[in-house]
file start30.cif (mmCIF, C-alpha atoms)
data_input
loop_
_atom_site.label_atom_id
_atom_site.label_comp_id
_atom_site.auth_asym_id
_atom_site.auth_seq_id
_atom_site.Cartn_x
_atom_site.Cartn_y
_atom_site.Cartn_z
CA MET A 1 57.03 -35.45 46.54
CA GLN A 2 53.80 -37.36 46.39
CA HIS A 3 52.61 -35.73 49.63
CA ARG A 4 53.56 -32.30 48.31
CA ALA A 5 51.62 -32.97 45.10
CA ARG A 6 48.52 -33.89 47.09
CA GLN A 7 48.78 -30.60 49.03
CA GLU A 8 49.10 -28.64 45.79
CA SER A 9 46.07 -30.48 44.42
CA ASN A 10 44.02 -29.47 47.50
CA VAL A 11 44.94 -25.80 47.00
CA ALA A 12 44.01 -26.03 43.33
CA MET A 13 40.64 -27.59 44.12
CA ALA A 14 39.83 -24.80 46.63
CA SER A 15 40.72 -22.17 44.06
CA LEU A 16 38.56 -23.87 41.45
CA SER A 17 35.59 -23.90 43.81
CA SER A 18 35.84 -20.13 44.33
CA GLY A 19 36.32 -19.50 40.61
CA ARG A 20 33.40 -21.73 39.75
CA GLN A 21 31.03 -19.65 41.93
CA GLU A 22 32.06 -16.50 40.06
CA VAL A 23 31.62 -18.18 36.66
CA GLN A 24 28.21 -19.53 37.66
CA GLY A 25 27.12 -16.02 38.70
CA ARG A 26 28.07 -14.61 35.31
CA ARG A 27 26.26 -17.47 33.56
CA ARG A 28 23.05 -16.84 35.52
CA ALA A 29 23.18 -13.19 34.47
CA ARG A 30 23.62 -14.15 30.82
CA ARG A 31 20.68 -16.57 31.01
CA ARG A 32 18.40 -13.87 32.46
CA GLY A 33 19.39 -11.53 29.64
CA ALA A 34 18.81 -14.19 27.03
CA ARG A 35 15.33 -14.96 28.36
CA PHE A 36 14.41 -11.25 28.23
CA VAL A 37 15.58 -10.87 24.63
CA ALA A 38 13.72 -14.01 23.60
CA ALA A 39 10.52 -12.80 25.21
CA VAL A 40 10.69 -9.42 23.48
CA ALA A 41 11.50 -10.91 20.09
CA GLY A 42 8.99 -13.73 20.45
CA VAL A 43 11.63 -16.28 19.53
CA ALA A 44 11.11 -19.88 20.60
CA LEU A 45 14.36 -21.56 21.56
CA VAL A 46 14.29 -25.28 20.89
CA ALA A 47 17.14 -27.48 22.09
CA THR A 48 17.75 -30.05 19.36
CA ALA A 49 21.38 -30.91 20.00
CA CYS A 50 21.47 -34.05 17.85
CA GLY A 51 18.13 -33.98 16.08
CA GLY A 52 17.02 -32.39 12.83
CA GLY A 53 17.44 -28.73 12.08
CA ALA A 54 20.08 -26.30 13.29
CA PRO A 55 20.98 -27.15 16.91
CA SER A 56 20.56 -24.66 19.72
CA VAL A 57 22.66 -25.09 22.87
CA SER A 58 22.20 -23.81 26.41
CA LYS A 59 23.87 -20.54 27.33
CA THR A 60 25.46 -22.34 30.28
CA SER A 61 28.10 -23.87 28.01
CA SER A 62 30.64 -22.75 25.45
CA VAL A 63 29.38 -25.21 22.84
CA SER A 64 29.12 -23.50 19.48
CA LYS A 65 25.54 -22.73 18.44
CA THR A 66 26.54 -22.33 14.82
CA SER A 67 26.16 -25.23 12.46
CA SER A 68 29.30 -26.72 11.00
CA GLY A 69 28.16 -28.08 7.68
CA GLY A 70 25.06 -30.24 7.87
CA GLY A 71 23.90 -28.84 11.21
CA LEU A 72 26.66 -30.38 13.37
CA VAL A 73 27.10 -29.31 16.99
CA SER A 74 30.66 -28.18 17.73
CA ILE A 75 32.30 -29.42 20.94
CA THR A 76 35.87 -29.58 22.25
CA MET A 77 37.54 -32.58 23.89
CA GLY A 78 40.75 -32.59 25.91
CA VAL A 79 42.42 -35.97 25.31
CA SER A 80 45.66 -37.94 25.43
CA ALA A 81 47.85 -38.16 22.33
CA GLY A 82 48.36 -41.88 22.92
CA LEU A 83 46.42 -45.10 23.05
CA PRO A 84 43.95 -44.07 25.82
CA SER A 85 42.18 -41.70 23.39
CA LEU A 86 42.48 -43.70 20.16
CA SER A 87 38.70 -44.17 19.96
CA ASP A 88 38.24 -40.38 19.86
CA TYR A 89 40.79 -39.95 17.07
CA VAL A 90 39.22 -42.80 15.10
CA ALA A 91 35.72 -41.39 15.57
CA ARG A 92 36.86 -38.08 14.13
CA ALA A 93 39.02 -39.50 11.33
CA LYS A 94 36.40 -41.97 10.09
CA GLY A 95 33.46 -39.56 10.22
CA ILE A 96 31.75 -41.32 13.14
CA PHE A 97 31.36 -38.15 15.18
CA ALA A 98 29.94 -36.33 12.16
CA LYS A 99 27.51 -39.18 11.45
CA ASN A 100 26.20 -38.75 15.00
CA GLY A 101 25.74 -34.99 14.62
CA LEU A 102 29.00 -33.75 16.14
CA ASN A 103 31.83 -31.53 14.95
CA VAL A 104 34.57 -32.41 17.45
CA THR A 105 37.74 -30.42 18.05
CA ILE A 106 40.33 -32.65 19.70
CA LYS A 107 42.83 -30.91 21.96
CA PRO A 108 45.74 -33.10 23.12
CA GLU A 109 46.56 -32.39 26.77
CA PRO A 110 49.90 -33.70 28.15
CA ASN A 111 48.85 -33.14 31.78
CA ILE A 112 45.31 -34.36 32.36
CA ALA A 113 45.36 -33.05 35.94
CA ILE A 114 44.30 -29.63 34.58
CA ILE A 115 41.27 -31.00 32.71
CA PRO A 116 38.75 -30.77 35.61
CA ALA A 117 39.29 -27.00 35.75
CA ALA A 118 38.77 -26.68 31.98
CA LEU A 119 35.51 -28.65 32.24
CA THR A 120 34.07 -26.57 35.06
CA THR A 121 34.89 -23.28 33.31
CA GLY A 122 33.45 -24.47 29.98
CA SER A 123 36.56 -24.34 27.76
CA LEU A 124 36.15 -28.11 27.32
CA GLN A 125 32.91 -30.09 27.13
CA PHE A 126 34.60 -33.50 27.44
CA GLY A 127 37.98 -34.39 28.86
CA ILE A 128 39.90 -37.60 29.33
CA GLY A 129 39.52 -38.76 32.91
CA ALA A 130 41.51 -40.86 35.33
CA GLN A 131 39.70 -42.36 38.29
CA SER A 132 42.44 -41.22 40.66
CA ILE A 133 41.87 -37.60 39.58
CA PHE A 134 38.10 -37.81 39.10
CA LEU A 135 37.15 -39.35 42.47
CA PRO A 136 39.15 -36.97 44.71
CA ALA A 137 37.95 -34.02 42.61
CA VAL A 138 34.25 -34.81 43.11
CA ALA A 139 34.92 -35.54 46.80
CA LYS A 140 36.21 -31.96 47.10
CA GLY A 141 33.08 -30.57 45.45
CA LEU A 142 33.93 -30.27 41.77
CA PRO A 143 30.73 -30.93 39.75
CA LEU A 144 32.05 -33.67 37.46
CA VAL A 145 30.45 -36.80 36.04
CA ALA A 146 31.78 -39.67 33.88
CA THR A 147 30.02 -39.16 30.56
CA ALA A 148 31.60 -41.74 28.24
CA GLY A 149 34.02 -44.62 28.20
CA GLY A 150 37.48 -45.09 26.81
CA GLU A 151 40.33 -47.58 26.85
CA GLU A 152 39.86 -50.88 28.68
CA GLU A 153 43.17 -52.34 29.75
CA SER A 154 43.70 -56.10 30.06
CA ILE A 155 46.35 -58.81 30.15
CA LYS A 156 45.66 -59.39 26.44
CA ALA A 157 46.44 -55.77 25.60
CA PRO A 158 48.59 -54.14 28.31
CA THR A 159 48.93 -50.47 27.49
CA ASN A 160 51.08 -49.06 30.31
CA ALA A 161 54.55 -50.10 31.47
CA VAL A 162 57.37 -49.25 33.85
CA ILE A 163 60.45 -48.66 31.68
CA VAL A 164 64.09 -48.67 32.84
CA PRO A 165 67.34 -48.40 30.87
CA LYS A 166 69.06 -51.62 29.83
CA GLY A 167 71.64 -52.60 32.42
CA SER A 168 70.15 -50.38 35.14
CA GLY A 169 70.01 -53.24 37.62
CA ILE A 170 66.36 -52.41 38.40
CA THR A 171 64.36 -55.60 38.03
CA GLY A 172 61.18 -54.94 40.00
CA PRO A 173 59.31 -52.70 42.47
CA ALA A 174 61.99 -52.95 45.19
CA GLY A 175 64.51 -51.27 42.90
CA LEU A 176 62.29 -48.23 42.46
CA VAL A 177 62.88 -46.85 45.94
CA GLY A 178 65.34 -44.01 45.43
CA PRO A 179 65.57 -43.54 41.63
CA ARG A 180 63.67 -40.66 40.02
CA ILE A 181 60.62 -42.06 38.25
CA GLY A 182 59.01 -40.11 35.42
CA VAL A 183 55.20 -39.95 35.47
CA PRO A 184 52.94 -37.75 33.31
CA ALA A 185 51.34 -36.19 36.40
CA ALA A 186 52.02 -36.38 40.13
CA ILE A 187 48.46 -37.58 40.63
CA GLY A 188 46.60 -39.80 38.21
CA THR A 189 46.38 -43.34 36.88
CA PHE A 190 50.07 -43.77 36.12
CA ALA A 191 51.35 -42.55 39.47
CA ASP A 192 48.75 -44.44 41.47
CA CYS A 193 49.14 -47.67 39.49
CA LEU A 194 52.86 -47.48 40.19
CA LEU A 195 52.38 -46.85 43.91
CA TYR A 196 49.78 -49.59 44.28
CA TRP A 197 52.08 -51.99 42.38
CA MET A 198 54.87 -51.21 44.83
CA HIS A 199 52.51 -51.61 47.78
CA SER A 200 51.24 -54.97 46.50
CA HIS A 201 54.85 -56.22 46.48
CA GLY A 202 55.48 -55.06 50.05
CA VAL A 203 57.60 -52.07 48.98
CA ASN A 204 57.40 -48.72 50.76
CA TYR A 205 55.56 -46.78 48.05
CA LYS A 206 55.75 -43.57 50.10
CA ALA A 207 59.49 -43.51 49.37
CA ALA A 208 58.92 -43.30 45.60
CA ASN A 209 60.64 -40.27 44.05
CA LEU A 210 58.25 -39.08 41.35
CA ALA A 211 59.11 -36.51 38.68
CA VAL A 212 56.53 -35.05 36.29
CA VAL A 213 57.62 -35.72 32.70
CA ALA A 214 55.40 -35.56 29.61
CA PHE A 215 55.22 -38.81 27.61
CA PRO A 216 57.10 -37.43 24.57
CA ASN A 217 60.01 -36.36 26.83
CA MET A 218 60.44 -39.58 28.80
CA ALA A 219 62.78 -41.34 26.35
CA GLY A 220 65.15 -38.36 26.17
CA GLN A 221 65.26 -37.84 29.94
CA LEU A 222 65.77 -41.56 30.52
CA ALA A 223 68.70 -41.55 28.08
CA ALA A 224 70.17 -38.43 29.70
CA GLY A 225 69.89 -39.90 33.18
CA SER A 226 67.55 -37.15 34.42
CA ILE A 227 65.18 -39.95 35.41
CA GLN A 228 66.05 -43.58 36.06
CA ALA A 229 62.62 -45.07 35.32
CA ALA A 230 59.38 -44.01 33.65
CA VAL A 231 55.73 -45.05 33.66
CA ALA A 232 54.61 -44.67 30.08
CA THR A 233 51.65 -45.50 27.86
CA GLU A 234 51.59 -46.86 24.32
CA PRO A 235 52.98 -46.20 21.81
CA TYR A 236 55.63 -44.33 23.81
CA TRP A 237 56.90 -47.25 25.86
CA ASN A 238 56.91 -49.52 22.81
CA ALA A 239 59.20 -47.04 21.06
CA MET A 240 61.47 -46.94 24.13
CA VAL A 241 61.74 -50.74 24.23
CA LYS A 242 62.53 -50.85 20.51
CA ALA A 243 65.30 -48.35 21.22
CA GLY A 244 66.84 -50.67 23.82
CA ASP A 245 65.11 -49.90 27.12
CA VAL A 246 63.50 -52.61 29.25
CA THR A 247 59.93 -53.03 30.49
CA LEU A 248 59.20 -54.27 34.01
CA GLY A 249 55.54 -54.88 33.14
CA ASP A 250 52.21 -53.10 33.43
CA PRO A 251 51.70 -51.85 37.02
CA CYS A 252 47.96 -51.29 36.50
CA LEU A 253 47.35 -55.01 36.07
CA SER A 254 48.27 -55.49 39.73
CA ILE A 255 44.84 -53.99 40.40
CA ALA A 256 42.71 -56.27 38.22
CA PRO A 257 43.12 -58.35 35.04
CA VAL A 258 40.67 -56.02 33.29
CA LEU A 259 40.07 -52.40 34.21
CA GLN A 260 39.04 -49.12 32.64
CA ASP A 261 42.22 -47.18 31.92
CA SER A 262 40.51 -44.01 30.72
CA PHE A 263 37.10 -42.44 30.24
CA LEU A 264 35.57 -39.08 29.36
CA MET A 265 34.16 -36.73 31.96
CA SER A 266 32.14 -33.51 31.84
CA ASP A 267 30.70 -30.84 34.07
CA VAL A 268 27.56 -32.40 35.55
CA THR A 269 25.31 -29.37 34.96
CA TRP A 270 26.42 -29.20 31.33
CA ALA A 271 25.87 -32.95 30.88
CA ARG A 272 22.33 -32.78 32.25
CA ALA A 273 21.49 -29.91 29.91
CA HIS A 274 23.00 -31.69 26.89
CA SER A 275 22.10 -35.33 27.37
CA ASN A 276 21.65 -35.79 23.59
CA ILE A 277 25.25 -34.72 23.00
CA VAL A 278 26.46 -37.08 25.73
CA LYS A 279 24.53 -39.93 24.15
CA ALA A 280 26.00 -39.10 20.74
CA VAL A 281 29.54 -39.25 22.16
CA GLN A 282 28.82 -42.57 23.90
CA THR A 283 27.44 -44.00 20.66
CA SER A 284 30.44 -42.69 18.73
CA THR A 285 32.89 -44.32 21.16
CA THR A 286 31.13 -47.67 20.81
CA GLU A 287 31.11 -47.42 17.01
CA ALA A 288 34.77 -46.38 16.99
CA ASN A 289 35.63 -49.50 18.99
CA SER A 290 33.89 -51.65 16.38
CA TYR A 291 36.00 -49.98 13.69
CA ILE A 292 39.22 -50.44 15.68
CA GLN A 293 38.59 -54.15 16.23
CA ALA A 294 37.64 -54.70 12.56
CA HIS A 295 40.40 -52.51 11.06
CA PRO A 296 43.46 -52.73 13.35
CA VAL A 297 45.93 -51.72 10.63
CA GLN A 298 44.09 -48.50 9.86
CA ALA A 299 43.56 -47.82 13.59
CA ARG A 300 47.30 -48.11 14.20
CA GLN A 301 47.93 -45.64 11.38
CA ILE A 302 45.58 -43.16 13.04
CA LEU A 303 47.39 -43.74 16.35
CA ALA A 304 50.73 -43.00 14.68
CA GLN A 305 49.37 -39.72 13.32
CA ALA A 306 47.92 -38.72 16.70
CA SER A 307 51.07 -39.53 18.67
CA GLY A 308 53.55 -38.26 16.09
CA PHE A 309 55.37 -41.59 15.85
CA ASN A 310 56.44 -43.34 12.69
CA ALA A 311 54.00 -46.09 11.70
CA SER A 312 56.76 -48.67 12.35
CA VAL A 313 56.41 -47.97 16.09
CA THR A 314 52.69 -48.75 16.18
CA GLN A 315 52.83 -51.66 13.72
CA GLY A 316 51.68 -54.87 15.39
CA LEU A 317 50.73 -53.07 18.60
CA PRO A 318 47.98 -54.92 20.55
CA LEU A 319 44.88 -52.74 20.52
CA PRO A 320 42.60 -52.66 23.58
CA VAL A 321 38.82 -52.59 23.69
CA TYR A 322 37.12 -49.20 23.98
CA THR A 323 33.89 -48.95 25.98
CA GLY A 324 30.96 -46.59 25.60
CA ALA A 325 30.70 -45.75 29.30
CA GLU A 326 32.54 -45.91 32.61
CA SER A 327 31.09 -48.48 35.03
CA VAL A 328 30.21 -48.23 38.70
CA SER A 329 32.16 -51.43 39.41
CA ASP A 330 35.33 -49.91 37.97
CA LEU A 331 34.92 -46.81 40.12
CA ARG A 332 34.44 -49.09 43.12
CA ASN A 333 37.81 -50.74 42.40
CA TRP A 334 39.47 -47.36 42.36
CA VAL A 335 37.83 -46.22 45.59
CA HIS A 336 39.54 -49.22 47.22
CA ILE A 337 42.92 -48.46 45.61
CA LEU A 338 42.90 -44.78 46.56
CA THR A 339 41.78 -45.64 50.08
CA VAL A 340 44.72 -48.05 50.43
CA LEU A 341 47.09 -45.32 49.22
CA GLY A 342 45.62 -42.89 51.75
CA VAL A 343 44.49 -40.26 49.24
CA PHE A 344 40.75 -40.84 49.43
CA THR A 345 38.23 -41.31 52.22
CA GLY A 346 34.47 -41.68 52.35
CA LYS A 347 31.86 -43.70 50.52
CA PRO A 348 30.58 -41.72 47.53
CA ASN A 349 27.33 -42.53 45.76
CA LEU A 350 29.02 -43.98 42.70
CA ALA A 351 25.75 -44.49 40.85
CA GLN A 352 25.41 -40.71 40.60
CA LEU A 353 28.92 -40.25 39.25
CA VAL A 354 28.20 -41.92 35.91
CA PHE A 355 25.90 -40.52 33.22
CA PRO A 356 23.11 -41.26 32.97
CA PRO A 357 22.97 -41.98 36.72
CA GLN A 358 22.16 -45.49 37.83
CA THR A 359 19.70 -46.56 40.49
CA LYS A 360 22.20 -48.47 42.62
CA SER A 361 25.85 -48.02 43.47
#
call {"tool": "encode", "arguments": {"input": "start30.cif", "output": "structure tokens"}}
result
Amino acid sequence: MQHRARQESNVAMASLSSGRQEVQGRRRARRRGARFVAAVAGVALVATACGGGAPSVSKTSSVSKTSSGGGLVSITMGVSAGLPSLSDYVARAKGIFAKNGLNVTIKPEPNIAIIPAALTTGSLQFGIGAQSIFLPAVAKGLPLVATAGGEEESIKAPTNAVIVPKGSGITGPAGLVGPRIGVPAAIGTFADCLLYWMHSHGVNYKAANLAVVAFPNMAGQLAAGSIQAAVATEPYWNAMVKAGDVTLGDPCLSIAPVLQDSFLMSDVTWARAHSNIVKAVQTSTTEANSYIQAHPVQARQILAQASGFNASVTQGLPLPVYTGAESVSDLRNWVHILTVLGVFTGKPNLAQLVFPPQTKS
């Protein structure tokens, strides 16, 4: 199944490349028309995305040019409904985005594998990223860049877990060869953490039987026996354990004791044209982290609202740190992991895959 998913991903990437050329052609035509109208009318277009006055945004994006009360720039983010995107929900709920000049529409996306396409076509300006989706996508030519940080996973605050029913007899990686394992996407952090975890214990990870199941559906399918294990994030796996299921631990921590579990990515051309917006989002993520660490009770309440769980599920949940940017060193870790799993080759210039670009990789 894993091999079949990789093939499907390759077909999707080829289709995106063709579609992107068509979209770019239409955008060039619109820009030429806009320049002609501006010249005739004698209008000076000033790009002040996060500064004073009403912001004007490049025609190459779908960012709203209209002010949203106080001259805010409207953007759309595709995010997770769980812990990986808590900083984005906090930044919106506590007015941090607005303070930094942004009116942010948050769009929960159960399958983040479709986010790269939404970024390159302009329906999203920011989308939650997973290194195991991001790196192969840019290797195939998709113009993506890591524009902001997200959840940092650690031993102190493990956020992912392999869950099995009580009494299943599955006690570790060896027991996962054969059973159907629910993952949110066939490619991505959860699937690849699981496979690397199996590999690190000497288990044939290629024999894993993966089934795509959205986080909210994992508990029901586990109870029904449609799947025999699941790789879930918080607060979903915490709710499953409270209902009687068992955790085998966080597979991602087999990679490193601290690693970036999520980040935000954007189309690289859009990011270069809107560096002020990117900076505002990075600043907002950092400020949201400060709020989360200082007000954990309120942050858990926001998480409950975002995920749809009762507050009793998120009460007492360890909250991770949220970073302002993705790091080159973290990407380097993932290049190694994906190379081991046989889904990535080459040596990309990692310094150019973060924004703003760094001088060394």
call {"tool": "atom_distance", "arguments": {"input": "start30.cif", "atom1": "atom CA of A:Pro116", "atom2": "atom CA of A:Ala186"}}
result
15.1 Å
call {"tool": "closest_residue", "arguments": {"input": "start30.cif", "among": "A:Ala174, A:Val241, A:Ile302, A:Met198", "to": "A:Ala288", "atoms": "only C-alpha atoms"}}
result
A:Ile302
call {"tool": "closest_residue", "arguments": {"input": "start30.cif", "among": "A:Thr359, A:Ser132, A:Ser275, A:Thr121", "to": "A:Leu338", "atoms": "all atoms listed in the file"}}
result
A:Ser132
call {"tool": "residues_around", "arguments": {"input": "start30.cif", "residues": "A:Ala81", "least_positions_apart": "2", "cutoff": "10 Å", "atoms": "only C-alpha atoms", "output": "list in words"}}
result
Gly78, Val79, Leu83, Pro84, Ser85, Leu86, Tyr89, Ile106, Lys107, Pro108, Glu109, Pro110, Phe215, Pro216, Thr233, Glu234, Pro235, Leu303, Ala304, Gln305, Ala306, Ser307 and Gly308 of chain A
call {"tool": "residues_around", "arguments": {"input": "start30.cif", "residues": "A:Leu194", "least_positions_apart": "3", "cutoff": "6 Å", "atoms": "all atoms listed in the file", "output": "ChimeraX atom specification"}}
result
/A:191,197,251
call {"tool": "atom_distance", "arguments": {"input": "start30.cif", "atom1": "atom CA of A:Asn333", "atom2": "atom CA of A:Gln260"}}
result
10.0 Å
call {"tool": "residues_around", "arguments": {"input": "start30.cif", "residues": "stretch 204-213 of chain A", "least_positions_apart": "5", "cutoff": "8 Å", "atoms": "all atoms listed in the file", "output": "list in words"}}
result
Met1, Gln2, Leu176, Val177, Gly178, Pro179, Arg180, Ile181, Gly182, Val183, Pro184, Ala185, Ala186, Ala191, Leu195, Tyr196, Met198, His199, Met218 and Ile227 of chain A
call {"tool": "write_last_selection", "arguments": {"input": "start30.cif", "atoms": "C-alpha atoms", "output": "JSON list (two decimals), in the frame of the given file"}}
result
[["chain", "number", "residue", "atom", "x", "y", "z"],
["A", 1, "MET", "CA", 57.03, -35.45, 46.54],
["A", 2, "GLN", "CA", 53.80, -37.36, 46.39],
["A", 176, "LEU", "CA", 62.29, -48.23, 42.46],
["A", 177, "VAL", "CA", 62.88, -46.85, 45.94],
["A", 178, "GLY", "CA", 65.34, -44.01, 45.43],
["A", 179, "PRO", "CA", 65.57, -43.54, 41.63],
["A", 180, "ARG", "CA", 63.67, -40.66, 40.02],
["A", 181, "ILE", "CA", 60.62, -42.06, 38.25],
["A", 182, "GLY", "CA", 59.01, -40.11, 35.42],
["A", 183, "VAL", "CA", 55.20, -39.95, 35.47],
["A", 184, "PRO", "CA", 52.94, -37.75, 33.31],
["A", 185, "ALA", "CA", 51.34, -36.19, 36.40],
["A", 186, "ALA", "CA", 52.02, -36.38, 40.13],
["A", 191, "ALA", "CA", 51.35, -42.55, 39.47],
["A", 195, "LEU", "CA", 52.38, -46.85, 43.91],
["A", 196, "TYR", "CA", 49.78, -49.59, 44.28],
["A", 198, "MET", "CA", 54.87, -51.21, 44.83],
["A", 199, "HIS", "CA", 52.51, -51.61, 47.78],
["A", 218, "MET", "CA", 60.44, -39.58, 28.80],
["A", 227, "ILE", "CA", 65.18, -39.95, 35.41]]
